[in-house]
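Chemist: Got a structure for you, coords-v4.csv, holding CSV, C-alpha atoms and all ligand atoms.
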chain,number,residue,atom,x,y,z
A,1,MET,CA,24.7,-78.7,-119.5
A,2,ALA,CA,22.5,-75.7,-120.3
A,3,PRO,CA,24.2,-72.4,-119.4
A,4,VAL,CA,23.0,-70.1,-116.6
A,5,LEU,CA,21.7,-66.8,-118.1
A,6,TYR,CA,21.5,-63.5,-116.2
A,7,ILE,CA,19.4,-60.8,-117.9
A,8,VAL,CA,21.0,-57.5,-116.6
A,9,ILE,CA,18.6,-54.6,-116.6
A,10,PRO,CA,19.5,-51.0,-115.6
A,11,CYS,CA,16.6,-49.1,-114.2
A,12,TYR,CA,16.4,-45.4,-113.4
A,13,ASN,CA,13.1,-43.9,-112.4
A,14,GLU,CA,11.2,-46.7,-114.2
A,15,GLN,CA,8.2,-47.2,-111.9
A,16,GLU,CA,5.7,-46.9,-114.8
A,17,VAL,CA,7.3,-49.4,-117.1
A,18,LEU,CA,8.9,-52.0,-114.7
A,19,PRO,CA,5.6,-53.7,-113.7
A,20,ILE,CA,4.8,-54.2,-117.4
A,21,THR,CA,8.2,-55.4,-118.6
A,22,ALA,CA,9.4,-57.4,-115.6
A,23,PRO,CA,6.9,-60.3,-116.3
A,24,MET,CA,8.0,-60.2,-120.0
A,25,PHE,CA,11.6,-60.9,-119.0
A,26,ARG,CA,10.5,-63.6,-116.6
A,27,GLU,CA,8.4,-65.2,-119.3
A,28,LYS,CA,11.4,-65.2,-121.6
A,29,LEU,CA,13.5,-67.0,-119.0
A,30,ARG,CA,10.7,-69.6,-118.6
A,31,THR,CA,10.4,-70.3,-122.4
A,32,LEU,CA,14.1,-70.5,-122.8
A,33,THR,CA,14.3,-72.9,-119.8
A,34,GLU,CA,11.5,-75.0,-121.2
A,35,LYS,CA,13.3,-75.3,-124.5
A,36,GLY,CA,16.3,-76.5,-122.6
A,37,LYS,CA,18.5,-73.7,-123.8
A,38,ILE,CA,19.3,-72.2,-120.4
A,39,ALA,CA,19.4,-73.6,-116.9
A,40,GLU,CA,16.7,-73.3,-114.3
A,41,GLU,CA,19.1,-71.2,-112.1
A,42,SER,CA,18.9,-68.3,-114.6
A,43,ARG,CA,17.8,-64.9,-113.2
A,44,VAL,CA,16.5,-61.5,-114.1
A,45,LEU,CA,18.9,-59.1,-112.4
A,46,PHE,CA,17.7,-55.5,-112.0
A,47,VAL,CA,20.2,-52.7,-111.3
A,48,ASN,CA,18.5,-49.8,-109.6
A,49,ASP,CA,20.6,-46.8,-110.6
A,50,GLY,CA,19.7,-44.5,-107.7
A,51,SER,CA,16.1,-44.0,-108.7
A,52,ARG,CA,14.1,-41.3,-106.9
A,53,ASP,CA,10.8,-43.0,-107.4
A,54,ARG,CA,9.4,-46.4,-106.4
A,55,THR,CA,11.6,-48.4,-108.7
A,56,TRP,CA,13.6,-50.1,-105.9
A,57,GLU,CA,10.5,-51.0,-103.9
A,58,ILE,CA,9.0,-52.6,-107.1
A,59,ILE,CA,12.2,-54.6,-107.5
A,60,GLU,CA,12.1,-55.8,-103.9
A,61,GLU,CA,8.4,-56.8,-104.3
A,62,LEU,CA,9.3,-58.7,-107.5
A,63,ALA,CA,12.2,-60.5,-105.7
A,64,ARG,CA,9.9,-61.5,-102.9
A,65,SER,CA,7.2,-62.8,-105.3
A,66,ASP,CA,9.6,-65.0,-107.4
A,67,PRO,CA,13.2,-66.1,-106.7
A,68,HIS,CA,14.0,-65.7,-110.4
A,69,TYR,CA,13.9,-61.9,-109.9
A,70,ILE,CA,16.9,-60.4,-108.1
A,71,GLY,CA,18.1,-56.9,-107.8
A,72,ILE,CA,21.0,-54.7,-106.7
A,73,CYS,CA,20.9,-51.1,-105.8
A,74,GLN,CA,23.5,-48.5,-106.6
A,75,SER,CA,24.2,-46.1,-103.8
A,76,ARG,CA,23.3,-43.2,-106.1
A,77,ASN,CA,22.6,-42.4,-109.7
A,78,ARG,CA,25.8,-43.1,-111.7
A,79,GLY,CA,24.4,-43.2,-115.2
A,80,HIS,CA,23.3,-46.0,-117.5
A,81,GLN,CA,26.8,-47.3,-118.4
A,82,ASN,CA,27.9,-47.7,-114.8
A,83,ALA,CA,24.6,-49.3,-113.9
A,84,VAL,CA,25.1,-51.9,-116.7
A,85,LEU,CA,28.7,-52.5,-115.6
A,86,ALA,CA,27.6,-53.0,-112.0
A,87,GLY,CA,25.1,-55.6,-113.1
A,88,LEU,CA,27.6,-57.4,-115.4
A,89,MET,CA,30.3,-57.5,-112.7
A,90,GLU,CA,27.8,-58.8,-110.2
A,91,ALA,CA,26.6,-61.5,-112.6
A,92,LYS,CA,29.9,-62.7,-114.0
A,93,ASP,CA,30.8,-65.1,-111.2
A,94,ARG,CA,27.3,-66.5,-110.9
A,95,CYS,CA,26.4,-67.3,-114.5
A,96,ASP,CA,27.7,-68.5,-117.9
A,97,ILE,CA,26.1,-65.8,-120.0
A,98,THR,CA,24.6,-62.3,-119.5
A,99,ILE,CA,22.3,-60.3,-121.7
A,100,SER,CA,22.1,-56.6,-121.0
A,101,ILE,CA,18.9,-54.9,-122.1
A,102,ASP,CA,17.0,-51.7,-121.2
A,103,CYS,CA,14.0,-52.1,-119.0
A,104,ASP,CA,11.6,-50.1,-121.2
A,105,GLY,CA,10.6,-52.8,-123.6
A,106,GLN,CA,12.1,-50.9,-126.6
A,107,ASP,CA,14.5,-53.7,-127.5
A,108,ASP,CA,12.7,-56.8,-128.8
A,109,ILE,CA,13.2,-59.5,-126.1
A,110,ASN,CA,12.5,-62.2,-128.7
A,111,ALA,CA,16.0,-61.6,-130.1
A,112,MET,CA,17.3,-63.3,-127.0
A,113,ASP,CA,16.5,-66.7,-128.5
A,114,GLU,CA,18.8,-66.0,-131.4
A,115,MET,CA,21.4,-64.6,-129.1
A,116,VAL,CA,21.4,-67.7,-126.9
A,117,ASP,CA,21.5,-69.9,-130.1
A,118,ALA,CA,24.5,-68.0,-131.3
A,119,TYR,CA,26.2,-68.6,-127.9
A,120,LEU,CA,25.4,-72.3,-128.0
A,121,GLU,CA,27.0,-72.3,-131.5
A,122,GLY,CA,30.2,-70.9,-130.0
A,123,CYS,CA,30.0,-67.1,-130.0
A,124,ASP,CA,31.0,-65.3,-126.8
A,125,VAL,CA,29.6,-61.9,-127.7
A,126,VAL,CA,26.4,-61.3,-129.6
A,127,TYR,CA,25.5,-57.8,-130.5
A,128,GLY,CA,21.8,-56.8,-130.8
A,129,VAL,CA,21.6,-54.5,-133.8
A,130,ARG,CA,18.6,-52.4,-134.7
A,131,SER,CA,17.3,-53.2,-138.1
A,132,SER,CA,14.9,-50.2,-138.3
A,133,ARG,CA,14.1,-47.2,-136.4
A,134,GLU,CA,10.7,-46.5,-137.8
A,135,THR,CA,9.1,-46.2,-134.4
A,136,ASP,CA,11.6,-43.5,-133.3
A,137,THR,CA,10.7,-39.9,-133.9
A,138,PHE,CA,12.5,-38.3,-136.8
A,139,PHE,CA,14.6,-36.3,-134.4
A,140,LYS,CA,15.7,-39.3,-132.3
A,141,ARG,CA,16.5,-41.3,-135.5
A,142,PHE,CA,18.5,-38.4,-137.0
A,143,THR,CA,20.4,-37.7,-133.8
A,144,ALA,CA,21.1,-41.3,-133.2
A,145,GLN,CA,22.4,-42.0,-136.7
A,146,SER,CA,24.5,-38.8,-136.7
A,147,PHE,CA,25.9,-40.1,-133.4
A,148,TYR,CA,27.2,-43.4,-135.0
A,149,LYS,CA,28.5,-41.6,-138.0
A,150,PHE,CA,30.3,-38.9,-136.0
A,151,LEU,CA,31.9,-41.6,-133.7
A,152,ALA,CA,33.2,-43.4,-136.8
A,153,ALA,CA,34.5,-40.2,-138.3
A,154,MET,CA,36.4,-39.5,-135.1
A,155,GLY,CA,38.0,-42.9,-135.1
A,156,ALA,CA,35.9,-44.5,-132.4
A,157,GLU,CA,34.9,-47.8,-134.0
A,158,VAL,CA,31.5,-49.0,-132.8
A,159,VAL,CA,29.1,-51.6,-134.1
A,160,TYR,CA,26.6,-49.5,-136.2
A,161,ASN,CA,23.1,-49.2,-134.6
A,162,HIS,CA,24.1,-51.4,-131.7
A,163,ALA,CA,23.3,-49.9,-128.3
A,164,ASP,CA,23.7,-51.9,-125.1
A,165,TYR,CA,21.5,-54.9,-125.9
A,166,ARG,CA,24.0,-57.7,-126.1
A,167,LEU,CA,24.9,-61.1,-124.9
A,168,VAL,CA,28.3,-61.4,-123.3
A,169,SER,CA,29.7,-64.7,-121.8
A,170,ALA,CA,31.1,-64.8,-118.3
A,171,ARG,CA,34.5,-65.7,-119.9
A,172,VAL,CA,34.6,-62.4,-121.7
A,173,LEU,CA,33.4,-60.5,-118.7
A,174,LYS,CA,36.2,-62.0,-116.6
A,175,GLU,CA,38.7,-60.6,-119.1
A,176,PHE,CA,36.7,-57.3,-119.3
A,177,ALA,CA,37.1,-56.9,-115.5
A,178,ASN,CA,40.7,-56.0,-116.2
A,179,PHE,CA,39.7,-53.0,-118.2
A,180,LYS,CA,39.9,-50.6,-115.3
A,181,GLU,CA,38.9,-47.4,-116.9
A,182,VAL,CA,36.5,-45.0,-115.3
A,183,ASN,CA,35.5,-43.4,-118.6
A,184,LEU,CA,33.1,-46.1,-119.6
A,185,PHE,CA,31.7,-46.7,-123.1
A,186,LEU,CA,30.7,-50.3,-123.0
A,187,ARG,CA,29.7,-50.7,-126.6
A,188,GLY,CA,33.2,-49.6,-127.7
A,189,LEU,CA,35.1,-51.5,-125.1
A,190,ILE,CA,33.5,-54.9,-125.4
A,191,PRO,CA,34.7,-55.4,-129.0
A,192,LEU,CA,38.3,-54.6,-127.7
A,193,VAL,CA,38.1,-57.7,-125.5
A,194,GLY,CA,37.9,-59.9,-128.6
A,195,PHE,CA,36.6,-63.5,-128.7
A,196,LYS,CA,34.2,-64.8,-131.4
A,197,SER,CA,31.3,-62.4,-131.9
A,198,THR,CA,28.3,-62.0,-134.2
A,199,SER,CA,25.2,-59.9,-134.4
A,200,VAL,CA,21.5,-60.4,-134.3
A,201,SER,CA,19.1,-57.8,-135.8
A,202,TYR,CA,15.8,-56.8,-134.3
A,203,SER,CA,13.4,-54.0,-134.8
A,204,ARG,CA,13.1,-51.3,-132.1
A,205,ALA,CA,9.7,-50.6,-130.7
A,206,GLU,CA,8.5,-47.6,-128.8
A,207,ARG,CA,8.9,-47.2,-125.0
A,208,LEU,CA,6.1,-49.1,-123.3
A,209,ALA,CA,5.7,-46.4,-120.6
A,210,GLY,CA,7.6,-43.6,-119.0
A,211,GLU,CA,10.0,-41.2,-120.7
A,212,SER,CA,13.4,-41.4,-122.2
A,213,HIS,CA,16.4,-40.5,-120.0
A,214,TYR,CA,18.6,-39.8,-123.0
A,215,PRO,CA,17.9,-36.3,-124.2
A,216,LEU,CA,20.2,-34.7,-126.8
A,217,ARG,CA,22.4,-33.3,-124.0
A,218,LYS,CA,23.1,-36.8,-122.6
A,219,MET,CA,23.6,-38.2,-126.1
A,220,ILE,CA,26.3,-35.6,-126.8
A,221,ALA,CA,27.9,-36.4,-123.5
A,222,LEU,CA,27.9,-40.1,-124.4
A,223,ALA,CA,29.4,-39.4,-127.8
A,224,VAL,CA,32.2,-37.3,-126.3
A,225,ASP,CA,32.8,-40.1,-123.8
A,226,GLY,CA,32.9,-42.6,-126.6
A,227,ILE,CA,35.3,-40.6,-128.7
A,228,THR,CA,37.7,-39.7,-125.9
A,229,SER,CA,37.6,-43.3,-124.6
A,230,LEU,CA,38.4,-45.0,-127.8
A,231,SER,CA,40.3,-42.6,-130.0
A,232,VAL,CA,43.0,-39.9,-130.1
A,233,LYS,CA,42.0,-38.8,-133.6
A,234,PRO,CA,40.7,-35.4,-132.5
A,235,LEU,CA,44.1,-34.6,-131.1
A,236,GLN,CA,45.7,-35.6,-134.4
A,237,MET,CA,43.2,-33.5,-136.2
A,238,ILE,CA,44.2,-30.5,-134.2
A,239,THR,CA,47.8,-31.0,-135.3
A,240,GLY,CA,46.7,-31.4,-138.9
A,241,PHE,CA,44.6,-28.2,-138.7
A,242,GLY,CA,47.5,-26.4,-137.0
A,243,VAL,CA,49.8,-27.3,-139.9
A,244,PHE,CA,47.1,-26.1,-142.4
A,245,VAL,CA,46.7,-22.8,-140.6
A,246,ALA,CA,50.4,-22.3,-140.5
A,247,LEU,CA,50.6,-22.9,-144.2
A,248,ILE,CA,47.9,-20.3,-144.9
A,249,SER,CA,49.7,-17.8,-142.6
A,250,PHE,CA,52.9,-18.4,-144.5
A,251,ILE,CA,51.1,-17.5,-147.8
A,252,GLY,CA,49.5,-14.5,-146.1
A,253,CYS,CA,52.9,-13.3,-144.9
A,254,LEU,CA,54.3,-13.6,-148.4
A,255,TRP,CA,51.4,-11.7,-149.8
A,256,ALA,CA,51.7,-8.9,-147.1
A,257,LEU,CA,55.5,-8.7,-147.8
A,258,ILE,CA,55.0,-8.4,-151.5
A,259,THR,CA,52.3,-5.7,-151.2
A,260,ALA,CA,54.4,-3.8,-148.7
A,261,LEU,CA,57.4,-4.0,-151.0
A,262,CYS,CA,55.3,-2.8,-153.9
A,263,GLY,CA,54.4,0.2,-151.8
A,264,LYS,CA,50.7,-0.8,-151.7
A,265,ALA,CA,50.3,-1.4,-148.0
A,266,VAL,CA,46.6,-1.5,-147.4
A,267,ALA,CA,44.6,-0.4,-144.4
A,268,GLY,CA,43.4,-4.1,-144.0
A,269,TRP,CA,41.7,-3.6,-140.6
A,270,ALA,CA,38.6,-5.7,-141.4
A,271,SER,CA,40.5,-8.7,-142.8
A,272,MET,CA,43.0,-8.6,-139.9
A,273,THR,CA,40.1,-8.6,-137.4
A,274,CYS,CA,38.5,-11.5,-139.1
A,275,ILE,CA,41.7,-13.5,-139.1
A,276,VAL,CA,42.4,-12.8,-135.4
A,277,CYS,CA,38.9,-13.7,-134.4
A,278,PHE,CA,38.9,-16.9,-136.4
A,279,VAL,CA,42.3,-18.1,-135.2
A,280,SER,CA,41.6,-17.3,-131.6
A,281,GLY,CA,38.3,-19.2,-131.9
A,282,VAL,CA,40.1,-22.2,-133.4
A,283,GLN,CA,42.7,-22.1,-130.6
A,284,LEU,CA,40.0,-22.1,-127.9
A,285,ILE,CA,38.3,-25.1,-129.5
A,286,CYS,CA,41.6,-26.9,-129.7
A,287,LEU,CA,42.4,-26.1,-126.1
A,288,GLY,CA,38.9,-27.4,-125.2
A,289,ILE,CA,39.5,-30.7,-127.0
A,290,ILE,CA,42.8,-31.1,-125.3
A,291,GLY,CA,41.2,-30.1,-122.0
A,292,GLU,CA,38.6,-32.8,-122.5
A,293,TYR,CA,41.3,-35.5,-122.7
A,294,ILE,CA,43.2,-34.0,-119.7
A,295,GLY,CA,40.0,-34.1,-117.8
A,296,LYS,CA,39.6,-37.8,-118.6
A,297,ILE,CA,43.2,-38.5,-117.6
A,298,TYR,CA,42.6,-36.6,-114.3
A,299,LEU,CA,39.5,-38.8,-113.6
A,300,GLU,CA,41.4,-42.0,-114.5
A,301,THR,CA,44.3,-41.2,-112.2
A,302,LYS,CA,42.0,-41.0,-109.2
A,303,GLN,CA,40.8,-44.6,-109.7
A,304,ARG,CA,37.6,-44.1,-107.9
A,305,PRO,CA,35.2,-47.0,-107.8
A,306,ARG,CA,33.0,-47.1,-110.9
A,307,TYR,CA,30.0,-48.3,-108.9
A,308,ILE,CA,29.0,-48.8,-105.3
A,309,ILE,CA,26.3,-51.3,-104.5
A,310,SER,CA,24.4,-50.4,-101.4
A,311,ARG,CA,21.8,-53.1,-101.3
A,312,ARG,CA,21.0,-56.5,-102.7
A,313,THR,CA,17.6,-58.2,-102.7
A,314,TRP,CA,19.1,-61.5,-101.5
A,315,GLU,CA,21.2,-60.0,-98.6
A,316,GLU,CA,18.2,-59.9,-96.3
A,317,THR,CA,17.7,-63.7,-96.2
A,318,GLU,CA,21.3,-64.8,-96.5
A,319,ASN,CA,22.9,-62.2,-94.3
A,320,PRO,CA,26.4,-63.3,-95.2
A,321,GLY,CA,29.2,-63.0,-92.6
A,322,ARG,CA,27.1,-61.1,-90.0
A,323,ASN,CA,27.0,-62.3,-86.4
A,324,SER,CA,29.5,-65.0,-87.2
A,401,LIG,N1,19.2,-45.6,-117.2
A,401,LIG,C1,20.0,-45.8,-116.1
A,401,LIG,N2,20.6,-44.7,-115.5
A,401,LIG,C2,20.4,-43.4,-116.0
A,401,LIG,C3,19.6,-43.3,-117.2
A,401,LIG,C4,19.0,-44.4,-117.8
A,401,LIG,O1,20.1,-46.9,-115.6
A,401,LIG,O2,21.0,-42.5,-115.5
A,401,LIG,C5,18.5,-46.8,-117.8
A,401,LIG,C6,17.0,-46.7,-118.0
A,401,LIG,O3,16.3,-47.0,-116.9
A,401,LIG,C7,16.8,-47.6,-119.2
A,401,LIG,C8,18.1,-47.5,-120.0
A,401,LIG,O4,19.1,-47.0,-119.1
A,401,LIG,O5,16.6,-49.0,-118.8
A,401,LIG,C9,18.0,-46.7,-121.2
A,401,LIG,O6,17.4,-45.4,-121.0
A,401,LIG,P1,16.3,-44.8,-121.8
A,401,LIG,O7,15.3,-45.8,-122.3
A,401,LIG,O8,15.8,-43.6,-121.1
A,401,LIG,O9,17.1,-44.3,-123.1
A,401,LIG,P2,16.7,-44.3,-124.7
A,401,LIG,O10,16.3,-45.7,-124.9
A,401,LIG,O11,15.7,-43.3,-124.9
A,401,LIG,O12,18.0,-44.0,-125.4
A,402,MG,MG,14.8,-46.6,-124.1
Could you write out this file's structure as structure tokens?

Modeler:
Amino acid sequence: MAPVLYIVIPCYNEQEVLPITAPMFREKLRTLTEKGKIAEESRVLFVNDGSRDRTWEIIEELARSDPHYIGICQSRNRGHQNAVLAGLMEAKDRCDITISIDCDGQDDINAMDEMVDAYLEGCDVVYGVRSSRETDTFFKRFTAQSFYKFLAAMGAEVVYNHADYRLVSARVLKEFANFKEVNLFLRGLIPLVGFKSTSVSYSRAERLAGESHYPLRKMIALAVDGITSLSVKPLQMITGFGVFVALISFIGCLWALITALCGKAVAGWASMTCIVCFVSGVQLICLGIIGEYIGKIYLETKQRPRYIISRRTWEETENPGRNS
């Protein structure tokens, strides 16, 4: 029997692009259904991430116009990763496979055919990997590539050039539901679940409308989340650096002792100041890194919910449990 596919799409202030891309996703469902690769019960699931514009109204209109569109609404903006998670967790009990994709049309939806094929051939996870970034600006390309290289150098293994465009089977999602961490970095966590995986490459296009919500500041925040979520290498590097500085200090002490013994004690004010400034700077950075991890532990211990769904497009008609 053909699998039921849910396309999970996070949307944050996307009123410009949603009316353009929503029919494209719907069309993709139609062609895949016609080819017999997915079941008729497949859906396009929008996750409204607390948008301040008309995004949710547009999703509701879409849901009214065609039952293949459904939507959930987060109670407030929680960020892209949490929005995707909310959608995946909502979908996992209703379908066999999910494909998460951004709603701006940047990721080539035609790669979905290959993803579904790979699933039908037995893969549970299929990563969408960008083959080229020619349409990105030089700055975006440079920062994005530095992002992946920096993550790898810090011990956070991620699939190179893979963002959050991927097929994940419900089987994997049910296991993934046991990963309770609040500090979410999906592209690093999904590989940890295991199961057979492969990747499909596609070329990334420009945003069809609207603006990116991932400025440099958010990319750095995502990189820090990724590293602290997947690796303790920075903490080990601090230890290594501490040993290195201690070694240098030891040599410095020897040198000071020898010059003092030779009666050539120098008025080394400048060099002392430099050393003190440098070492205190390094100490503060180290404390900052440790603080980053402690902050993450603090958030994890609270075990707050990772997403809160305030509305669903299908609640209005089904009205489950009420007046009964
Ligand atoms: N997004 C979201 N919550 C946010 C920011 C972004 O759900 O707080 C969604 C956004 O609507 C889009 C996807 O995440 O579907 C990727 O965002 P964007 O296209 O702005 O990032 P870029 O592709 O430029 O990295
Ligand atoms: Mg985008």

Chemist: Got a sec to check which residues lie within 8 Å of ligand LIG 401 (chain A), using all atoms listed in the file, and send them as a PyMOL selection string?

Modeler: chain A and resi 9-14+47-50+77-84+101-104+106+207+211-215

Chemist: For a quick check of understanding, using all atoms listed in the file, which of A:Ile72, A:Leu186, A:Val4, A:Ile58 has the smallest distance to Thr313 (chain A)?

Modeler: A:Ile72

Chemist: When you look at Ile7 (chain A) with a cut-off of 7 Å (counting only C-alpha atoms), what residues show up, excluding the ones that are within fewer than 5 positions of it in the same chain? I need them as a VMD selection string.

Modeler: chain A and resid 43 to 45 98 to 100

Chemist: If I take CA of Leu287 (chain A) and CA of Thr228 (chain A), how far is one from the other in Å, to one decimal?

Modeler: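 CA of Leu287 (chain A) sits 14.4 Å away from CA of Thr228 (chain A).
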
Chemist: Which is closest to Thr31 (chain A) among A:Thr137, A:Ser75, A:Ser51, A:Asn110, if we use all atoms listed in the file?

Modeler: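 Checking each candidate against Thr31 (chain A), we get A:Asn110 as the closest.
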
Chemist: Restricting the calculation to only C-alpha atoms and all ligand atoms: of A:Arg30, A:Arg204, A:Arg217, A:Arg187, which residue gets closest to ligand MG 402 (chain A)?

Modeler: A:Arg204

Chemist: Determine the nearest neighbour of ligand MG 402 (chain A) from the options A:Gly71, A:Gly105, A:Gly240, A:Gly194, counting only C-alpha atoms and all ligand atoms.

Modeler: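 Residue with the minimum atom-to-atom distance to ligand MG 402 (chain A): A:Gly105.
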
Chemist: Quote the spacing between CA of Glu292 (chain A) and CA of Val224 (chain A) in Å to one decimal place.

Modeler: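 For CA of Glu292 (chain A) relative to CA of Val224 (chain A), the distance reads 8.7 Å.
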
Chemist: Extract, using all atoms listed in the file, all DNA, RNA and protein residues at most 12 Å from Ile290 (chain A), discarding same-chain residues fewer than 5 positions from it, and format them as a list in words.

Modeler: Thr228, Val232, Lys233, Pro234, Leu235, Gln236, Met237, Ile238, Thr239, Gln283, Leu284, Ile285, Gly295, Lys296 and Ile297 of chain A

Chemist: For the selection you just gave me, I'd like the residues written to a file as a PDB file, keeping the file's coordinate frame, keeping C-alpha atoms.

Modeler:
ATOM      1  CA  THR A 228      37.700 -39.700-125.900  1.00  0.00           C
ATOM      2  CA  VAL A 232      43.000 -39.900-130.100  1.00  0.00           C
ATOM      3  CA  LYS A 233      42.000 -38.800-133.600  1.00  0.00           C
ATOM      4  CA  PRO A 234      40.700 -35.400-132.500  1.00  0.00           C
ATOM      5  CA  LEU A 235      44.100 -34.600-131.100  1.00  0.00           C
ATOM      6  CA  GLN A 236      45.700 -35.600-134.400  1.00  0.00           C
ATOM      7  CA  MET A 237      43.200 -33.500-136.200  1.00  0.00           C
ATOM      8  CA  ILE A 238      44.200 -30.500-134.200  1.00  0.00           C
ATOM      9  CA  THR A 239      47.800 -31.000-135.300  1.00  0.00           C
ATOM     10  CA  GLN A 283      42.700 -22.100-130.600  1.00  0.00           C
ATOM     11  CA  LEU A 284      40.000 -22.100-127.900  1.00  0.00           C
ATOM     12  CA  ILE A 285      38.300 -25.100-129.500  1.00  0.00           C
ATOM     13  CA  GLY A 295      40.000 -34.100-117.800  1.00  0.00           C
ATOM     14  CA  LYS A 296      39.600 -37.800-118.600  1.00  0.00           C
ATOM     15  CA  ILE A 297      43.200 -38.500-117.600  1.00  0.00           C
TER      16      ILE A 297
END

Chemist: Compile the contact shell of Ser201 (chain A) as a ChimeraX atom specification: residues with an atom at most 8 Å away, counting all atoms listed in the file, same-chain residues fewer than 2 positions apart removed.

Modeler: /A:111,128-131,199,203

Chemist: Using all atoms listed in the file, can you tell me which of A:Pro3, A:Lys37, A:Lys92, A:Leu62 comes closest to Ile20 (chain A)?

Modeler: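 Smallest separation from Ile20 (chain A) among the options: A:Leu62.
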
Chemist: Considering all atoms listed in the file, can you say which of A:Glu175, A:Glu206, A:Asp113, A:Asp66 comes closest to ligand MG 402 (chain A)?

Modeler: A:Glu206
